[in-house]
>>> print(open('model-v2.cif').read())   # mmCIF, C-alpha atoms
data_input
loop_
_atom_site.label_atom_id
_atom_site.label_comp_id
_atom_site.auth_asym_id
_atom_site.auth_seq_id
_atom_site.Cartn_x
_atom_site.Cartn_y
_atom_site.Cartn_z
CA MET A 177 130.57 19.93 -38.33
CA LYS A 178 128.21 18.14 -35.98
CA SER A 179 128.14 14.35 -36.10
CA ARG A 180 124.71 12.75 -36.15
CA LYS A 181 125.98 9.31 -35.20
CA LYS A 182 124.87 7.91 -31.86
CA ASN A 183 124.26 4.55 -30.23
CA LEU A 184 121.01 3.27 -31.66
CA ARG A 185 118.85 0.21 -31.25
CA GLN A 186 116.05 -1.33 -33.26
CA VAL A 187 112.80 -1.74 -31.32
CA TYR A 188 109.80 -3.68 -32.62
CA VAL A 189 106.93 -1.22 -32.28
CA TRP A 190 104.20 -1.68 -34.87
CA GLU A 191 102.77 -5.19 -35.05
CA LEU A 192 101.63 -6.66 -38.36
CA PRO A 193 97.89 -6.03 -37.71
CA VAL A 194 98.63 -2.34 -37.02
CA ARG A 195 100.66 -2.03 -40.20
CA VAL A 196 97.97 -3.76 -42.27
CA PHE A 197 95.35 -1.44 -40.76
CA HIS A 198 97.45 1.61 -41.63
CA TRP A 199 97.89 0.74 -45.31
CA VAL A 200 94.32 -0.53 -45.80
CA ASN A 201 93.12 2.70 -44.19
CA ALA A 202 95.37 4.83 -46.42
CA LEU A 203 94.23 3.05 -49.58
CA SER A 204 90.58 3.21 -48.53
CA ILE A 205 90.77 6.97 -47.90
CA LEU A 206 92.38 7.49 -51.31
CA VAL A 207 89.69 5.48 -53.14
CA LEU A 208 86.86 7.04 -51.13
CA CYS A 209 88.10 10.57 -51.80
CA VAL A 210 88.48 10.02 -55.54
CA THR A 211 85.15 8.26 -55.99
CA GLY A 212 83.46 10.66 -53.56
CA PHE A 213 84.45 13.70 -55.60
CA ILE A 214 83.25 11.99 -58.78
CA ILE A 215 79.90 11.29 -57.10
CA ALA A 216 79.67 14.89 -55.86
CA TYR A 217 80.62 16.35 -59.25
CA PRO A 218 79.64 13.77 -61.93
CA PRO A 219 81.58 14.54 -65.14
CA GLY A 220 78.65 13.34 -67.23
CA LEU A 221 76.42 16.03 -65.72
CA MET A 222 79.08 18.71 -66.11
CA SER A 223 79.41 18.32 -69.88
CA HIS A 224 77.12 18.33 -72.89
CA THR A 225 78.79 15.45 -74.70
CA GLU A 226 76.99 12.21 -75.37
CA ALA A 227 77.68 9.42 -72.87
CA ASN A 228 79.39 6.44 -74.45
CA PHE A 229 79.36 4.26 -71.33
CA THR A 230 76.11 4.80 -69.47
CA TYR A 231 76.78 2.66 -66.38
CA TRP A 232 80.27 3.88 -65.44
CA PHE A 233 78.80 6.12 -62.72
CA GLY A 234 77.08 3.11 -61.18
CA ILE A 235 80.45 1.35 -61.04
CA VAL A 236 81.96 4.40 -59.33
CA ARG A 237 79.18 4.35 -56.73
CA PHE A 238 79.64 0.61 -56.20
CA ILE A 239 83.40 1.08 -55.65
CA HIS A 240 82.68 3.89 -53.19
CA PHE A 241 80.16 1.86 -51.21
CA ALA A 242 82.25 -1.33 -51.22
CA THR A 243 85.33 0.59 -50.07
CA ALA A 244 83.22 2.23 -47.35
CA PHE A 245 82.48 -1.21 -45.92
CA VAL A 246 86.19 -2.07 -45.98
CA PHE A 247 86.93 1.27 -44.31
CA LEU A 248 84.35 0.60 -41.57
CA PHE A 249 85.39 -2.97 -40.78
CA ASN A 250 89.07 -2.00 -40.84
CA PHE A 251 88.26 0.70 -38.28
CA ILE A 252 86.34 -1.77 -36.09
CA PHE A 253 89.30 -4.14 -36.23
CA ARG A 254 91.65 -1.35 -35.09
CA LEU A 255 89.37 -0.64 -32.13
CA TYR A 256 89.58 -4.32 -31.23
CA TRP A 257 93.38 -4.31 -31.55
CA ALA A 258 93.54 -1.30 -29.22
CA PHE A 259 92.64 -3.74 -26.44
CA VAL A 260 94.62 -6.84 -27.44
CA GLY A 261 97.71 -5.38 -29.17
CA ASN A 262 101.09 -4.54 -27.68
CA LYS A 263 101.68 -1.50 -25.44
CA PHE A 264 102.23 0.79 -28.43
CA ALA A 265 98.81 -0.07 -29.90
CA LYS A 266 96.77 0.22 -26.68
CA TRP A 267 93.82 2.61 -26.51
CA ASN A 268 95.23 4.52 -23.51
CA ASN A 269 98.03 5.85 -25.71
CA TYR A 270 95.45 7.85 -27.66
CA VAL A 271 93.45 9.32 -24.76
CA PRO A 272 95.60 11.69 -22.64
CA LEU A 273 94.41 10.80 -19.16
CA ARG A 274 97.76 11.01 -17.36
CA ILE A 275 99.63 14.16 -16.30
CA ALA A 276 102.82 12.79 -17.90
CA GLN A 277 101.04 12.70 -21.26
CA TRP A 278 100.12 16.39 -21.05
CA LYS A 279 103.68 17.32 -20.05
CA GLU A 280 104.89 15.44 -23.09
CA PHE A 281 102.24 17.17 -25.22
CA TRP A 282 103.60 20.59 -24.23
CA HIS A 283 107.18 19.44 -24.78
CA VAL A 284 106.38 18.32 -28.35
CA VAL A 285 104.58 21.61 -29.03
CA LYS A 286 107.62 23.59 -27.83
CA THR A 287 110.01 21.42 -29.82
CA ASP A 288 108.20 20.82 -33.12
CA LEU A 289 105.83 23.77 -33.44
CA LEU A 290 107.27 26.68 -31.45
CA MET A 291 110.88 25.48 -31.86
CA VAL A 292 111.92 26.92 -28.49
CA ASP A 293 113.20 23.63 -27.08
CA ASN A 294 115.91 21.44 -28.61
CA GLU A 295 115.55 18.53 -26.20
CA PRO A 296 114.78 15.45 -28.34
CA GLU A 297 111.76 13.23 -27.70
CA ARG A 298 112.30 10.21 -25.52
CA ILE A 299 109.26 8.35 -26.79
CA ILE A 300 109.33 5.09 -28.73
CA GLY A 301 105.70 4.95 -29.87
CA HIS A 302 103.53 7.91 -30.82
CA ASN A 303 104.13 11.12 -28.89
CA THR A 304 101.09 12.66 -27.21
CA VAL A 305 100.49 15.25 -29.94
CA ALA A 306 100.38 12.48 -32.56
CA SER A 307 98.21 10.32 -30.30
CA VAL A 308 95.68 13.10 -29.72
CA SER A 309 95.58 13.85 -33.45
CA TYR A 310 94.86 10.17 -34.16
CA PHE A 311 92.11 10.22 -31.55
CA VAL A 312 90.55 13.18 -33.39
CA LEU A 313 90.99 11.20 -36.62
CA PHE A 314 89.15 8.24 -35.09
CA LEU A 315 86.27 10.55 -34.17
CA GLY A 316 86.28 11.85 -37.74
CA VAL A 317 86.19 8.29 -39.07
CA LEU A 318 83.23 7.51 -36.83
CA LEU A 319 81.27 10.56 -37.95
CA GLN A 320 82.18 9.97 -41.61
CA CYS A 321 80.93 6.39 -41.41
CA PHE A 322 77.69 7.46 -39.76
CA THR A 323 76.96 10.21 -42.30
CA GLY A 324 78.02 8.03 -45.23
CA PHE A 325 75.94 5.03 -44.26
CA GLY A 326 73.10 7.35 -43.24
CA LEU A 327 73.03 8.71 -46.80
CA TYR A 328 73.37 5.20 -48.20
CA ALA A 329 70.42 4.02 -46.11
CA GLN A 330 68.16 6.58 -47.82
CA THR A 331 68.23 4.54 -51.03
CA SER A 332 69.32 1.14 -49.74
CA THR A 333 67.08 -1.92 -49.87
CA THR A 334 69.25 -3.76 -47.35
CA SER A 335 67.05 -4.53 -44.36
CA VAL A 336 69.96 -4.27 -41.91
CA LEU A 337 71.30 -0.87 -42.98
CA VAL A 338 67.99 1.00 -43.03
CA PRO A 339 67.09 0.69 -39.31
CA MET A 340 70.73 1.05 -38.24
CA PHE A 341 71.51 4.29 -40.08
CA SER A 342 68.28 5.84 -41.42
CA TRP A 343 67.88 7.99 -38.27
CA ILE A 344 71.13 9.89 -38.93
CA VAL A 345 69.97 12.08 -41.82
CA PRO A 346 66.83 13.34 -40.00
CA MET A 347 68.92 14.00 -36.88
CA LEU A 348 71.26 16.25 -38.92
CA GLY A 349 68.32 18.19 -40.32
CA GLY A 350 68.00 16.59 -43.72
CA GLU A 351 69.96 15.06 -46.55
CA MET A 352 71.66 18.31 -47.60
CA ASN A 353 73.14 18.88 -44.14
CA ALA A 354 74.33 15.28 -43.99
CA ARG A 355 76.02 15.67 -47.39
CA ILE A 356 77.70 18.90 -46.27
CA VAL A 357 79.08 17.24 -43.12
CA HIS A 358 80.22 14.24 -45.17
CA HIS A 359 81.92 16.51 -47.73
CA LEU A 360 83.67 18.66 -45.09
CA LEU A 361 84.97 15.53 -43.37
CA THR A 362 86.45 14.44 -46.71
CA TRP A 363 88.53 17.63 -46.74
CA PHE A 364 89.50 16.96 -43.13
CA PHE A 365 90.94 13.58 -44.16
CA ILE A 366 92.76 15.15 -47.11
CA LEU A 367 94.35 17.87 -44.95
CA PHE A 368 95.18 15.37 -42.22
CA THR A 369 96.92 13.14 -44.76
CA ILE A 370 99.01 16.02 -46.12
CA VAL A 371 100.16 17.06 -42.63
CA HIS A 372 100.73 13.43 -41.63
CA VAL A 373 102.96 12.70 -44.62
CA TYR A 374 104.92 15.92 -44.09
CA ILE A 375 105.55 15.20 -40.39
CA VAL A 376 106.60 11.62 -41.09
CA LEU A 377 109.07 12.70 -43.78
CA TYR A 378 110.40 15.51 -41.58
CA HIS A 379 111.00 13.31 -38.54
CA ASP A 380 112.29 10.44 -40.59
CA TYR A 381 115.16 12.71 -41.67
CA ILE A 382 115.61 14.86 -38.54
CA ALA A 383 115.07 12.29 -35.78
CA ARG A 384 116.59 9.37 -37.72
CA ARG A 385 114.03 6.96 -36.29
CA ALA A 386 113.08 5.26 -39.56
CA TYR A 387 109.41 6.28 -39.38
CA ILE A 388 108.72 5.24 -42.97
CA SER A 389 110.35 1.82 -42.77
CA ALA A 390 108.77 1.29 -39.32
CA ILE A 391 105.25 1.30 -40.72
CA ILE A 392 106.39 -1.21 -43.34
CA GLY A 393 108.50 -3.58 -41.26
CA GLY A 394 107.46 -2.63 -37.73
CA TRP A 395 110.92 -1.71 -36.40
CA LYS A 396 111.84 1.76 -35.15
CA ILE A 397 115.39 2.99 -34.59
CA VAL A 398 115.73 4.73 -31.21
CA PRO A 399 118.66 5.91 -29.06
CA GLU A 400 120.12 3.19 -26.86
CA ASP A 401 119.39 5.07 -23.63
CA VAL A 402 115.73 5.58 -24.60
CA ALA A 403 115.34 1.85 -25.28
CA ALA A 404 117.01 1.06 -21.95
CA GLU A 405 114.65 3.43 -20.10
CA ALA A 406 111.64 1.78 -21.72
CA GLU A 407 112.88 -1.68 -20.75
CA GLU A 408 113.38 -0.56 -17.15
CA ALA A 409 109.89 0.97 -17.03
CA ASP A 410 108.41 -2.28 -18.36
CA ARG A 411 110.32 -4.29 -15.76
CA GLN A 412 109.06 -2.10 -12.92
CA ALA A 413 105.50 -2.32 -14.26
CA ARG A 414 105.68 -6.11 -14.29
CA GLN A 415 106.97 -6.12 -10.69
CA ARG A 416 104.10 -3.89 -9.55
CA ALA A 417 101.64 -6.19 -11.31
#
>>> encode(input="model-v2.cif", output="structure tokens")
Amino acid sequence: MKSRKKNLRQVYVWELPVRVFHWVNALSILVLCVTGFIIAYPPGLMSHTEANFTYWFGIVRFIHFATAFVFLFNFIFRLYWAFVGNKFAKWNNYVPLRIAQWKEFWHVVKTDLLMVDNEPERIIGHNTVASVSYFVLFLGVLLQCFTGFGLYAQTSTTSVLVPMFSWIVPMLGGEMNARIVHHLLTWFFILFTIVHVYIVLYHDYIARRAYISAIIGGWKIVPEDVAAEAEEADRQARQRA
């Protein structure tokens, strides 16, 4: 029987603003998906029964639009925190510009996907595969916001939204194309969420790094030698600075 006990240390990784962003983002995506599907396939139009509450669809649309604003401003805040947060939240973690990041990317692929390498990760924050996937997610968020607010601007009387977003629908070739892109991106978020939850649960059990509790309390559990390596790298970086 193989023992899974090893010298471990708690490391504070995810700051409170990052954790708040994560859960606000998760809740917003849930609400937007549910209300979005109701808007796309209104139950009242799919049945022949008499409506007993004629304005419920308006409430659904209001919830969708209000949540979209929360989603957008939460995203803008995360972009801001990518420049002022700790080293685990910095923007350069999500854009693989260094050779070391691509080496790590291939190592994670061999370990987690191809399963041809048993060498454990020596990363405290996100590994490069996760970082690149989040970068793709950020691009998806950006495009979803543009298409969503572009569609909203078609019927909006808000003087600010119309000039800011009304050009998007014509650029995509019309309202139908914009709706198709918006709908496909919804499925992208759903599939991303499913994979994300699976990977977190898998690594929370296999790697024993407390991924789930980390996004709640901010602390990750990492091997002692990995924490010591990170401290030494930080010390050398401060000396070079």
>>> resolve_selection(input="model-v2.cif", expression="the PyMOL selection byres ((chain A and resi 256) around 12)", output="JSON, numbers by chain")
{"A": [193, 194, 197, 249, 250, 251, 252, 253, 254, 255, 257, 258, 259, 260, 261, 265, 266, 267]}
>>> resolve_selection(input="model-v2.cif", expression="the PyMOL selection byres ((chain A and resi 364) around 12)", output="list of chain:residue names")
A:Ile205, A:Cys209, A:Ser309, A:Val312, A:Leu313, A:Phe314, A:Leu315, A:Gly316, A:Val317, A:Leu319, A:Gln320, A:Val357, A:His358, A:His359, A:Leu360, A:Leu361, A:Thr362, A:Trp363, A:Phe365, A:Ile366, A:Leu367, A:Phe368, A:Thr369, A:Ile370, A:Val371, A:His372
>>> residues_around(input="model-v2.cif", residues="region 402-408 of chain A", least_positions_apart="4", cutoff="8 Å", atoms="only C-alpha atoms", output="PyMOL selection string")
chain A and resi 185+187+298-300+398+412
>>> atom_distance(input="model-v2.cif", atom1="CA of Arg195 (chain A)", atom2="CA of Gly393 (chain A)")
8.1 Å
>>> resolve_selection(input="model-v2.cif", expression="the PyMOL selection byres ((chain A and resi 243) around 12)", output="PyMOL selection string")
chain A and resi 200-212+236-242+244-250+321+324-325
>>> write_last_selection(input="model-v2.cif", atoms="C-alpha atoms", output="short mmCIF file (atom, residue, chain, number, x, y, z; two decimals), in the frame of the given file")
data_model
loop_
_atom_site.label_atom_id
_atom_site.label_comp_id
_atom_site.auth_asym_id
_atom_site.auth_seq_id
_atom_site.Cartn_x
_atom_site.Cartn_y
_atom_site.Cartn_z
CA VAL A 200 94.32 -0.53 -45.80
CA ASN A 201 93.12 2.70 -44.19
CA ALA A 202 95.37 4.83 -46.42
CA LEU A 203 94.23 3.05 -49.58
CA SER A 204 90.58 3.21 -48.53
CA ILE A 205 90.77 6.97 -47.90
CA LEU A 206 92.38 7.49 -51.31
CA VAL A 207 89.69 5.48 -53.14
CA LEU A 208 86.86 7.04 -51.13
CA CYS A 209 88.10 10.57 -51.80
CA VAL A 210 88.48 10.02 -55.54
CA THR A 211 85.15 8.26 -55.99
CA GLY A 212 83.46 10.66 -53.56
CA VAL A 236 81.96 4.40 -59.33
CA ARG A 237 79.18 4.35 -56.73
CA PHE A 238 79.64 0.61 -56.20
CA ILE A 239 83.40 1.08 -55.65
CA HIS A 240 82.68 3.89 -53.19
CA PHE A 241 80.16 1.86 -51.21
CA ALA A 242 82.25 -1.33 -51.22
CA ALA A 244 83.22 2.23 -47.35
CA PHE A 245 82.48 -1.21 -45.92
CA VAL A 246 86.19 -2.07 -45.98
CA PHE A 247 86.93 1.27 -44.31
CA LEU A 248 84.35 0.60 -41.57
CA PHE A 249 85.39 -2.97 -40.78
CA ASN A 250 89.07 -2.00 -40.84
CA CYS A 321 80.93 6.39 -41.41
CA GLY A 324 78.02 8.03 -45.23
CA PHE A 325 75.94 5.03 -44.26
#
>>> closest_residue(input="model-v2.cif", among="A:Ile356, A:Ile397, A:Ala386, A:Leu318", to="Ala216 (chain A)", atoms="all atoms listed in the file")
A:Ile356
>>> closest_residue(input="model-v2.cif", among="A:Gly394, A:Pro346, A:Gly234, A:Pro218", to="Val189 (chain A)", atoms="all atoms listed in the file")
A:Gly394
>>> closest_residue(input="model-v2.cif", among="A:Ile215, A:Ala329, A:Val345, A:Ala276", to="Asn303 (chain A)", atoms="only C-alpha atoms")
A:Ala276
>>> closest_atom_pairs(input="model-v2.cif", of="region 231-286 of chain A", to="region 305-308 of chain A", cutoff="8 Å", atoms="all atoms listed in the file", output="JSON lines")
{"residue": "A:Asn269", "atom": "CA", "partner": "A:Ser307", "partner_atom": "CA", "distance": 6.4}
{"residue": "A:Tyr270", "atom": "CA", "partner": "A:Ser307", "partner_atom": "CA", "distance": 4.5}
{"residue": "A:Val271", "atom": "CA", "partner": "A:Val308", "partner_atom": "CA", "distance": 6.6}
{"residue": "A:Pro272", "atom": "CA", "partner": "A:Val308", "partner_atom": "CA", "distance": 7.2}
{"residue": "A:Phe281", "atom": "CA", "partner": "A:Val305", "partner_atom": "CA", "distance": 5.4}
{"residue": "A:Val284", "atom": "CA", "partner": "A:Val305", "partner_atom": "CA", "distance": 6.8}
{"residue": "A:Val285", "atom": "CA", "partner": "A:Val305", "partner_atom": "CA", "distance": 7.6}
>>> write_last_selection(input="model-v2.cif", atoms="C-alpha atoms", output="short mmCIF file (atom, residue, chain, number, x, y, z; two decimals), in the coordinates of the input")
data_model
loop_
_atom_site.label_atom_id
_atom_site.label_comp_id
_atom_site.auth_asym_id
_atom_site.auth_seq_id
_atom_site.Cartn_x
_atom_site.Cartn_y
_atom_site.Cartn_z
CA ASN A 269 98.03 5.85 -25.71
CA TYR A 270 95.45 7.85 -27.66
CA VAL A 271 93.45 9.32 -24.76
CA PRO A 272 95.60 11.69 -22.64
CA PHE A 281 102.24 17.17 -25.22
CA VAL A 284 106.38 18.32 -28.35
CA VAL A 285 104.58 21.61 -29.03
#
>>> atom_distance(input="model-v2.cif", atom1="CA of Thr331 (chain A)", atom2="CA of Ile235 (chain A)")
16.1 Å
>>> closest_residue(input="model-v2.cif", among="A:Phe233, A:Tyr217, A:Trp343, A:Trp278", to="Gln330 (chain A)", atoms="all atoms listed in the file")
A:Trp343
>>> atom_distance(input="model-v2.cif", atom1="CA of Phe264 (chain A)", atom2="CA of Lys396 (chain A)")
11.8 Å
>>> closest_residue(input="model-v2.cif", among="A:Asp380, A:Glu400, A:Glu191, A:Glu351", to="Lys263 (chain A)", atoms="only C-alpha atoms")
A:Glu191
>>> closest_residue(input="model-v2.cif", among="A:Ser342, A:Lys279, A:Thr323, A:Ala390", to="His198 (chain A)", atoms="only C-alpha atoms")
A:Ala390
>>> build_atoms(input="model-v2.cif", residues="region 315-339 of chain A", atoms="N, CA and C atoms", output="PDB file, keeping the file's coordinate frame")
ATOM      1  N   LEU A 315      87.589   9.936 -34.285  1.00  0.00           N
ATOM      2  CA  LEU A 315      86.270  10.550 -34.170  1.00  0.00           C
ATOM      3  C   LEU A 315      85.754  10.967 -35.543  1.00  0.00           C
ATOM      4  N   GLY A 316      86.659  11.488 -36.380  1.00  0.00           N
ATOM      5  CA  GLY A 316      86.280  11.850 -37.740  1.00  0.00           C
ATOM      6  C   GLY A 316      85.843  10.643 -38.548  1.00  0.00           C
ATOM      7  N   VAL A 317      86.564   9.531 -38.381  1.00  0.00           N
ATOM      8  CA  VAL A 317      86.190   8.290 -39.070  1.00  0.00           C
ATOM      9  C   VAL A 317      84.796   7.849 -38.639  1.00  0.00           C
ATOM     10  N   LEU A 318      84.534   7.924 -37.347  1.00  0.00           N
ATOM     11  CA  LEU A 318      83.230   7.510 -36.830  1.00  0.00           C
ATOM     12  C   LEU A 318      82.113   8.353 -37.414  1.00  0.00           C
ATOM     13  N   LEU A 319      82.300   9.668 -37.413  1.00  0.00           N
ATOM     14  CA  LEU A 319      81.270  10.560 -37.950  1.00  0.00           C
ATOM     15  C   LEU A 319      81.122  10.390 -39.454  1.00  0.00           C
ATOM     16  N   GLN A 320      82.237  10.173 -40.153  1.00  0.00           N
ATOM     17  CA  GLN A 320      82.180   9.970 -41.610  1.00  0.00           C
ATOM     18  C   GLN A 320      81.413   8.698 -41.942  1.00  0.00           C
ATOM     19  N   CYS A 321      81.650   7.651 -41.169  1.00  0.00           N
ATOM     20  CA  CYS A 321      80.930   6.390 -41.410  1.00  0.00           C
ATOM     21  C   CYS A 321      79.440   6.559 -41.152  1.00  0.00           C
ATOM     22  N   PHE A 322      79.100   7.259 -40.074  1.00  0.00           N
ATOM     23  CA  PHE A 322      77.690   7.460 -39.760  1.00  0.00           C
ATOM     24  C   PHE A 322      76.987   8.279 -40.838  1.00  0.00           C
ATOM     25  N   THR A 323      77.599   9.393 -41.264  1.00  0.00           N
ATOM     26  CA  THR A 323      76.960  10.210 -42.300  1.00  0.00           C
ATOM     27  C   THR A 323      76.905   9.472 -43.631  1.00  0.00           C
ATOM     28  N   GLY A 324      77.980   8.756 -43.971  1.00  0.00           N
ATOM     29  CA  GLY A 324      78.020   8.030 -45.230  1.00  0.00           C
ATOM     30  C   GLY A 324      76.971   6.938 -45.305  1.00  0.00           C
ATOM     31  N   PHE A 325      76.913   6.112 -44.254  1.00  0.00           N
ATOM     32  CA  PHE A 325      75.940   5.030 -44.260  1.00  0.00           C
ATOM     33  C   PHE A 325      74.519   5.569 -44.022  1.00  0.00           C
ATOM     34  N   GLY A 326      74.414   6.720 -43.373  1.00  0.00           N
ATOM     35  CA  GLY A 326      73.100   7.350 -43.240  1.00  0.00           C
ATOM     36  C   GLY A 326      72.557   7.770 -44.601  1.00  0.00           C
ATOM     37  N   LEU A 327      73.430   8.338 -45.441  1.00  0.00           N
ATOM     38  CA  LEU A 327      73.030   8.710 -46.800  1.00  0.00           C
ATOM     39  C   LEU A 327      72.744   7.468 -47.638  1.00  0.00           C
ATOM     40  N   TYR A 328      73.556   6.448 -47.456  1.00  0.00           N
ATOM     41  CA  TYR A 328      73.370   5.200 -48.200  1.00  0.00           C
ATOM     42  C   TYR A 328      72.047   4.539 -47.847  1.00  0.00           C
ATOM     43  N   ALA A 329      71.661   4.648 -46.562  1.00  0.00           N
ATOM     44  CA  ALA A 329      70.420   4.020 -46.110  1.00  0.00           C
ATOM     45  C   ALA A 329      69.179   4.651 -46.717  1.00  0.00           C
ATOM     46  N   GLN A 330      69.325   5.902 -47.220  1.00  0.00           N
ATOM     47  CA  GLN A 330      68.160   6.580 -47.820  1.00  0.00           C
ATOM     48  C   GLN A 330      67.675   5.868 -49.082  1.00  0.00           C
ATOM     49  N   THR A 331      68.598   5.215 -49.778  1.00  0.00           N
ATOM     50  CA  THR A 331      68.230   4.540 -51.030  1.00  0.00           C
ATOM     51  C   THR A 331      68.491   3.037 -50.976  1.00  0.00           C
ATOM     52  N   SER A 332      68.958   2.554 -49.845  1.00  0.00           N
ATOM     53  CA  SER A 332      69.320   1.140 -49.740  1.00  0.00           C
ATOM     54  C   SER A 332      68.077   0.273 -49.535  1.00  0.00           C
ATOM     55  N   THR A 333      68.146  -0.927 -50.091  1.00  0.00           N
ATOM     56  CA  THR A 333      67.080  -1.920 -49.870  1.00  0.00           C
ATOM     57  C   THR A 333      67.532  -2.991 -48.890  1.00  0.00           C
ATOM     58  N   THR A 334      68.732  -2.802 -48.321  1.00  0.00           N
ATOM     59  CA  THR A 334      69.250  -3.760 -47.350  1.00  0.00           C
ATOM     60  C   THR A 334      68.523  -3.573 -46.028  1.00  0.00           C
ATOM     61  N   SER A 335      67.888  -4.634 -45.561  1.00  0.00           N
ATOM     62  CA  SER A 335      67.050  -4.530 -44.360  1.00  0.00           C
ATOM     63  C   SER A 335      67.851  -4.187 -43.115  1.00  0.00           C
ATOM     64  N   VAL A 336      69.140  -4.522 -43.098  1.00  0.00           N
ATOM     65  CA  VAL A 336      69.960  -4.270 -41.910  1.00  0.00           C
ATOM     66  C   VAL A 336      70.375  -2.810 -41.839  1.00  0.00           C
ATOM     67  N   LEU A 337      70.776  -2.230 -42.976  1.00  0.00           N
ATOM     68  CA  LEU A 337      71.300  -0.870 -42.980  1.00  0.00           C
ATOM     69  C   LEU A 337      70.239   0.179 -42.684  1.00  0.00           C
ATOM     70  N   VAL A 338      69.027  -0.026 -43.161  1.00  0.00           N
ATOM     71  CA  VAL A 338      67.990   1.000 -43.030  1.00  0.00           C
ATOM     72  C   VAL A 338      67.697   1.324 -41.560  1.00  0.00           C
ATOM     73  N   PRO A 339      67.366   0.336 -40.713  1.00  0.00           N
ATOM     74  CA  PRO A 339      67.090   0.690 -39.310  1.00  0.00           C
ATOM     75  C   PRO A 339      68.330   1.147 -38.540  1.00  0.00           C
TER      76      PRO A 339
END
